[in-house]
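Have a look at the structure below, then the notes.
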Amino acid sequence: MPSDGDHDKSLDVEKNEGKEQEAVRQGIAELTQLSNALNQKSSNVSSDSQPLSESTSLKFGNSTSASPFELSDMSDSGKGRCVGEGNVDGSVPESSYVLFFQVVFPFAIAGIGMVFAGIVLDRVQHWRLFIEVPETFILVPALLGLKGNLEMTLASRLSTFANMGHLDSAQQRKEVIAANLALIQVQATVVAFLASAFAIALAWIPRGQLDWSHATLLCASSLATACTASLFLSLLMSLVVYLSRKYNINPDNVATPIAASLGDLTTLGILSLFGTMFLDAHLTESYLNLAVIFGFLLVVPVWAKLAAGKECTADALSSGWTPVIFSMLLSSGGGFILENAIRRYSSIAVFQPVINGVGGNLAAVQASRMSTALHKETNDQMGILPNDRTVSYYTSLRRAFFSSEPDSRSARVLIFLVVPGHIFFNWLIRVLHFGNVVPPSGPLFTSLYLIAAVLQVVIILFVCQYIVSLMWQWHIDPDNAAIPYLTALGDLLGTLLLFIVFLVLDRYDTKDIVSIKH
């Protein structure tokens, strides 16, 4: 029979064994965390992490203190939902093939919508509204750019909320969506009012005179168009993000292209209809345009109060005005170029929504993905870039397009879509276009057009990686600020490069250009 001393010794041995097992378990957990941190910097995350997990499970599988299931739980601690980027938590990044097939169909649908928008613009440029009030052309890029300023920004915010699990309950969805709808109406009203004022100023500068009837017409048309189109598109975006989340599709990949698919066509159609209606009214009932203006402005405090009452929109309401207003000015600059370009080449109108829309669309997808990744990788800690990087890290052209970084791979996929996408869209324009003026389609035009389109997208995507990281370091949420700058830059570059293409074509291919001159 064992003595009390022997019993105490056995207890000490068991305690020592328990301490050793606890130390081993902690060591395994620390090794696993180190492995996850290293895997985040590797392009082969899954293949690097699996051997470690298997080896530890085999080695300690018979231990009573740490089963393979417990070790697996340690390995996966803190793992969030996969949002398509390499994460510090060790989640497997979205492959290029998955990104391509998730983006290509919304991208095609968006492009078809832009083609129809171009055809509509080509037709309505001959309406009384655009002939009698040519300043309306200056409004076109600014109002079409609202999908970048507002709807795509909304889609990016909602996509981040969805990927972070903040839209999983009905109550959360109701509060977030209602607050964002109110915010969009405030922004749409203010941006539309300023856009019309800027258009009036650009029209006054070269002429030296101001037509107040045209000014009220532009302002009323801009406000009615922006608020109506934004309400419709915001509801659509909320539905798209909800359905994407429900069916396990990354909303970052599909929400912004869907916003673009109907954004241009809807906005342009509403502008043409409201503008024509207000044009007739200002000749007989001049008070109507003023009543419309004051009516929209008086509702702004109501929308602002609703948006300010929710945490998810209060920050954007108070500090999100700089990108929206600055991008509106950039888009209006593109509108000034468009007004002068259409005077020389009428068929430029059919291509303008397409080249602008494709560039802004792809940039919005990239910005939305990068923003979501930063939120996930840093646990919403703005001002800190992943792996203690600095903004200068994101100024490398090689890193932007030729590295193994997740956003570099996605940039290559998005650039790959440009050439086949534009070839398809230009073919649709030629097939669906009707009228006496035939759009150019010769080899020189096609080559120059594709070069301009690729150059536009490359510039925007390069700026995207820098501006998103810079905003994050400056404690600015890229979901609220990045996309407006990028889509406005796309509008300005697209219109300018398209105008240059027509100028070069006019010089070197007279046969192709003659049929499109006035």
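Letters for chains follow the order of the structure tokens (A, B, ...), residue numbers begin at 1 for each chain, and ligand numbers begin at 1 in the order shown.
For range 332-336 of chain A, the residues within 7 Å (counting only C-alpha atoms, excluding itself and residues fewer than 5 positions away along the chain) are Phe137, Ile138, Leu139, Val140, Pro141, Ala142, Asp491, Leu492 and Thr495 of chain A.
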I need the residues from that last selection saved to file as a short mmCIF file (atom, residue, chain, number, x, y, z; two decimals), in the first residue's frame (with C-alpha atoms), if you can.
```cif
data_model
loop_
_atom_site.label_atom_id
_atom_site.label_comp_id
_atom_site.auth_asym_id
_atom_site.auth_seq_id
_atom_site.Cartn_x
_atom_site.Cartn_y
_atom_site.Cartn_z
CA PHE A 137 -24.04 69.23 -71.50
CA ILE A 138 -21.87 70.53 -68.65
CA LEU A 139 -24.31 68.96 -66.19
CA VAL A 140 -24.19 65.53 -67.85
CA PRO A 141 -20.85 64.22 -66.46
CA ALA A 142 -21.51 65.77 -63.04
CA ASP A 491 -14.70 61.11 -66.09
CA LEU A 492 -12.11 63.81 -66.69
CA THR A 495 -13.58 62.63 -71.84
#
```
Please return, as number ranges by chain, all residues of range 396-485 of chain A that DSSP assigns to helix (DSSP H, G or I) on the basis of the backbone.
A: 397-402, 406-432, 443-473, 478-485
Writing out the chosen residues with C-alpha atoms as a PDB file, in the first residue's frame:
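File written: selection.pdb
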```pdb
ATOM      1  CA  LEU A 397       4.070  50.846 -60.128  1.00  0.00           C
ATOM      2  CA  ARG A 398       5.548  47.361 -59.793  1.00  0.00           C
ATOM      3  CA  ARG A 399       3.702  46.730 -56.553  1.00  0.00           C
ATOM      4  CA  ALA A 400       0.437  47.993 -58.047  1.00  0.00           C
ATOM      5  CA  PHE A 401       0.397  45.676 -61.073  1.00  0.00           C
ATOM      6  CA  PHE A 402       3.200  43.091 -60.940  1.00  0.00           C
ATOM      7  CA  PRO A 406      -4.101  40.559 -53.428  1.00  0.00           C
ATOM      8  CA  ASP A 407      -5.006  44.013 -54.775  1.00  0.00           C
ATOM      9  CA  SER A 408      -2.268  43.714 -57.419  1.00  0.00           C
ATOM     10  CA  ARG A 409      -3.775  40.455 -58.628  1.00  0.00           C
ATOM     11  CA  SER A 410      -7.236  42.011 -58.710  1.00  0.00           C
ATOM     12  CA  ALA A 411      -5.831  44.999 -60.652  1.00  0.00           C
ATOM     13  CA  ARG A 412      -4.475  42.643 -63.308  1.00  0.00           C
ATOM     14  CA  VAL A 413      -7.848  40.913 -63.567  1.00  0.00           C
ATOM     15  CA  LEU A 414      -9.657  44.255 -63.935  1.00  0.00           C
ATOM     16  CA  ILE A 415      -7.228  45.502 -66.604  1.00  0.00           C
ATOM     17  CA  PHE A 416      -7.705  42.225 -68.470  1.00  0.00           C
ATOM     18  CA  LEU A 417     -11.408  43.081 -68.795  1.00  0.00           C
ATOM     19  CA  VAL A 418     -10.804  46.443 -70.483  1.00  0.00           C
ATOM     20  CA  VAL A 419      -9.927  45.478 -74.066  1.00  0.00           C
ATOM     21  CA  PRO A 420     -12.442  42.656 -74.659  1.00  0.00           C
ATOM     22  CA  GLY A 421     -15.061  44.656 -72.797  1.00  0.00           C
ATOM     23  CA  HIS A 422     -14.673  47.765 -74.937  1.00  0.00           C
ATOM     24  CA  ILE A 423     -14.528  45.718 -78.162  1.00  0.00           C
ATOM     25  CA  PHE A 424     -17.852  44.142 -77.204  1.00  0.00           C
ATOM     26  CA  PHE A 425     -19.399  47.457 -76.151  1.00  0.00           C
ATOM     27  CA  ASN A 426     -18.272  49.231 -79.335  1.00  0.00           C
ATOM     28  CA  TRP A 427     -19.729  46.402 -81.395  1.00  0.00           C
ATOM     29  CA  LEU A 428     -23.035  46.869 -79.536  1.00  0.00           C
ATOM     30  CA  ILE A 429     -22.929  50.608 -80.214  1.00  0.00           C
ATOM     31  CA  ARG A 430     -22.569  49.987 -83.942  1.00  0.00           C
ATOM     32  CA  VAL A 431     -25.299  47.326 -83.994  1.00  0.00           C
ATOM     33  CA  LEU A 432     -27.827  49.195 -81.850  1.00  0.00           C
ATOM     34  CA  PRO A 443      -8.863  50.114 -87.359  1.00  0.00           C
ATOM     35  CA  LEU A 444      -7.153  53.410 -86.457  1.00  0.00           C
ATOM     36  CA  PHE A 445     -10.064  54.576 -84.326  1.00  0.00           C
ATOM     37  CA  THR A 446     -10.404  51.186 -82.619  1.00  0.00           C
ATOM     38  CA  SER A 447      -6.676  51.039 -81.848  1.00  0.00           C
ATOM     39  CA  LEU A 448      -6.543  54.587 -80.483  1.00  0.00           C
ATOM     40  CA  TYR A 449      -9.749  54.083 -78.512  1.00  0.00           C
ATOM     41  CA  LEU A 450      -8.471  50.896 -76.846  1.00  0.00           C
ATOM     42  CA  ILE A 451      -5.122  52.518 -76.012  1.00  0.00           C
ATOM     43  CA  ALA A 452      -6.963  55.446 -74.425  1.00  0.00           C
ATOM     44  CA  ALA A 453      -9.248  53.103 -72.463  1.00  0.00           C
ATOM     45  CA  VAL A 454      -6.366  50.997 -71.093  1.00  0.00           C
ATOM     46  CA  LEU A 455      -4.333  54.109 -70.241  1.00  0.00           C
ATOM     47  CA  GLN A 456      -7.309  55.580 -68.378  1.00  0.00           C
ATOM     48  CA  VAL A 457      -7.862  52.425 -66.290  1.00  0.00           C
ATOM     49  CA  VAL A 458      -4.149  51.959 -65.508  1.00  0.00           C
ATOM     50  CA  ILE A 459      -3.882  55.535 -64.250  1.00  0.00           C
ATOM     51  CA  ILE A 460      -7.009  55.249 -62.117  1.00  0.00           C
ATOM     52  CA  LEU A 461      -6.019  51.908 -60.575  1.00  0.00           C
ATOM     53  CA  PHE A 462      -2.541  53.224 -59.772  1.00  0.00           C
ATOM     54  CA  VAL A 463      -4.046  56.293 -58.113  1.00  0.00           C
ATOM     55  CA  CYS A 464      -6.516  54.001 -56.338  1.00  0.00           C
ATOM     56  CA  GLN A 465      -3.893  52.040 -54.379  1.00  0.00           C
ATOM     57  CA  TYR A 466      -2.259  55.268 -53.241  1.00  0.00           C
ATOM     58  CA  ILE A 467      -5.349  57.283 -52.370  1.00  0.00           C
ATOM     59  CA  VAL A 468      -7.025  54.461 -50.421  1.00  0.00           C
ATOM     60  CA  SER A 469      -3.939  53.871 -48.257  1.00  0.00           C
ATOM     61  CA  LEU A 470      -3.382  57.609 -47.819  1.00  0.00           C
ATOM     62  CA  MET A 471      -6.956  58.177 -46.651  1.00  0.00           C
ATOM     63  CA  TRP A 472      -6.699  55.262 -44.237  1.00  0.00           C
ATOM     64  CA  GLN A 473      -3.523  56.670 -42.718  1.00  0.00           C
ATOM     65  CA  PRO A 478     -12.065  55.155 -47.994  1.00  0.00           C
ATOM     66  CA  ASP A 479     -15.609  53.801 -48.256  1.00  0.00           C
ATOM     67  CA  ASN A 480     -16.836  57.397 -47.899  1.00  0.00           C
ATOM     68  CA  ALA A 481     -14.168  59.265 -49.838  1.00  0.00           C
ATOM     69  CA  ALA A 482     -12.095  57.243 -52.307  1.00  0.00           C
ATOM     70  CA  ILE A 483     -14.629  56.311 -54.987  1.00  0.00           C
ATOM     71  CA  PRO A 484     -15.839  59.894 -55.676  1.00  0.00           C
ATOM     72  CA  TYR A 485     -12.283  61.021 -56.446  1.00  0.00           C
TER      73      TYR A 485
END
```
For Leu283 in chain A, which residue among A:Ile384, A:Tyr97, A:His433, A:Ser213 is the nearest when counting only C-alpha atoms?
A:Ser213
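Nearest to Ala229 in chain A of all the residues A:Leu329, A:Leu306, A:Leu146, A:Ala281 is A:Leu146, based on only C-alpha atoms.
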Between CA of Leu194 in chain A and CA of Gly275 in chain A, what distance in Å does the model show, to one decimal?
17.0 Å
Separation of CA of Leu265 in chain A from CA of Phe351 in chain A in Å
13.3 Å
When you look at Val133 in chain A with a cut-off of 12 Å (counting only C-alpha atoms), what residues show up, excluding the ones that are within fewer than 5 positions of it in the same chain? I need them as a PyMOL selection string.
chain A and resi 125-128+138-139+199-200+203+210-218+221+272+275-276+278-279+339
For those residues, write N, CA and C atoms to a file as a CSV table (one decimal), in the first residue's frame.
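Here's the written file part28.csv:
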```csv
chain,number,residue,atom,x,y,z
A,125,GLN,N,-29.1,64.8,-77.6
A,125,GLN,CA,-28.4,66.0,-77.9
A,125,GLN,C,-29.0,66.8,-79.0
A,126,HIS,N,-30.0,66.2,-79.7
A,126,HIS,CA,-30.7,67.0,-80.7
A,126,HIS,C,-32.0,67.5,-80.2
A,127,TRP,N,-32.4,67.3,-79.0
A,127,TRP,CA,-33.6,67.7,-78.4
A,127,TRP,C,-33.5,69.3,-78.2
A,128,ARG,N,-34.7,69.9,-78.0
A,128,ARG,CA,-34.7,71.3,-77.8
A,128,ARG,C,-33.9,71.7,-76.5
A,138,ILE,N,-22.8,70.4,-69.8
A,138,ILE,CA,-21.9,70.5,-68.6
A,138,ILE,C,-22.4,69.7,-67.4
A,139,LEU,N,-23.7,69.7,-67.3
A,139,LEU,CA,-24.3,69.0,-66.2
A,139,LEU,C,-24.2,67.4,-66.3
A,199,ALA,N,-22.0,74.8,-63.5
A,199,ALA,CA,-22.3,74.8,-64.9
A,199,ALA,C,-22.7,76.2,-65.4
A,200,ILE,N,-23.5,76.9,-64.6
A,200,ILE,CA,-23.9,78.3,-65.0
A,200,ILE,C,-22.6,79.2,-65.0
A,203,ALA,N,-20.6,78.5,-68.1
A,203,ALA,CA,-21.3,79.0,-69.3
A,203,ALA,C,-21.2,80.5,-69.4
A,210,LEU,N,-25.3,86.3,-68.4
A,210,LEU,CA,-26.0,85.2,-67.7
A,210,LEU,C,-27.5,85.3,-67.9
A,211,ASP,N,-28.1,84.2,-68.4
A,211,ASP,CA,-29.5,84.1,-68.6
A,211,ASP,C,-30.1,83.4,-67.4
A,212,TRP,N,-30.9,84.3,-66.6
A,212,TRP,CA,-31.4,83.8,-65.3
A,212,TRP,C,-32.5,82.7,-65.5
A,213,SER,N,-33.2,82.8,-66.6
A,213,SER,CA,-34.2,81.7,-66.9
A,213,SER,C,-33.5,80.4,-67.1
A,214,HIS,N,-32.4,80.4,-67.9
A,214,HIS,CA,-31.7,79.2,-68.1
A,214,HIS,C,-31.0,78.7,-66.8
A,215,ALA,N,-30.6,79.6,-65.9
A,215,ALA,CA,-30.0,79.3,-64.6
A,215,ALA,C,-31.0,78.5,-63.7
A,216,THR,N,-32.3,79.1,-63.6
A,216,THR,CA,-33.3,78.4,-62.8
A,216,THR,C,-33.7,77.0,-63.4
A,217,LEU,N,-33.7,77.0,-64.8
A,217,LEU,CA,-34.0,75.7,-65.5
A,217,LEU,C,-32.9,74.7,-65.1
A,218,LEU,N,-31.7,75.0,-65.2
A,218,LEU,CA,-30.6,74.1,-64.9
A,218,LEU,C,-30.6,73.6,-63.5
A,221,SER,N,-33.7,71.3,-62.9
A,221,SER,CA,-33.5,70.0,-63.6
A,221,SER,C,-32.5,69.2,-62.9
A,272,SER,N,-33.2,64.3,-69.1
A,272,SER,CA,-33.8,64.7,-70.4
A,272,SER,C,-35.3,65.0,-70.2
A,275,GLY,N,-35.7,68.0,-67.7
A,275,GLY,CA,-35.3,69.3,-68.4
A,275,GLY,C,-36.2,69.7,-69.4
A,276,THR,N,-36.7,68.8,-70.2
A,276,THR,CA,-37.7,69.2,-71.3
A,276,THR,C,-39.0,69.8,-70.6
A,278,PHE,N,-39.3,71.2,-67.6
A,278,PHE,CA,-39.0,72.5,-67.1
A,278,PHE,C,-38.7,73.6,-68.1
A,279,LEU,N,-38.2,73.2,-69.3
A,279,LEU,CA,-38.0,74.1,-70.4
A,279,LEU,C,-39.3,74.7,-70.9
A,339,GLU,N,-18.9,69.5,-73.8
A,339,GLU,CA,-19.7,70.5,-74.5
A,339,GLU,C,-18.9,71.0,-75.7
```
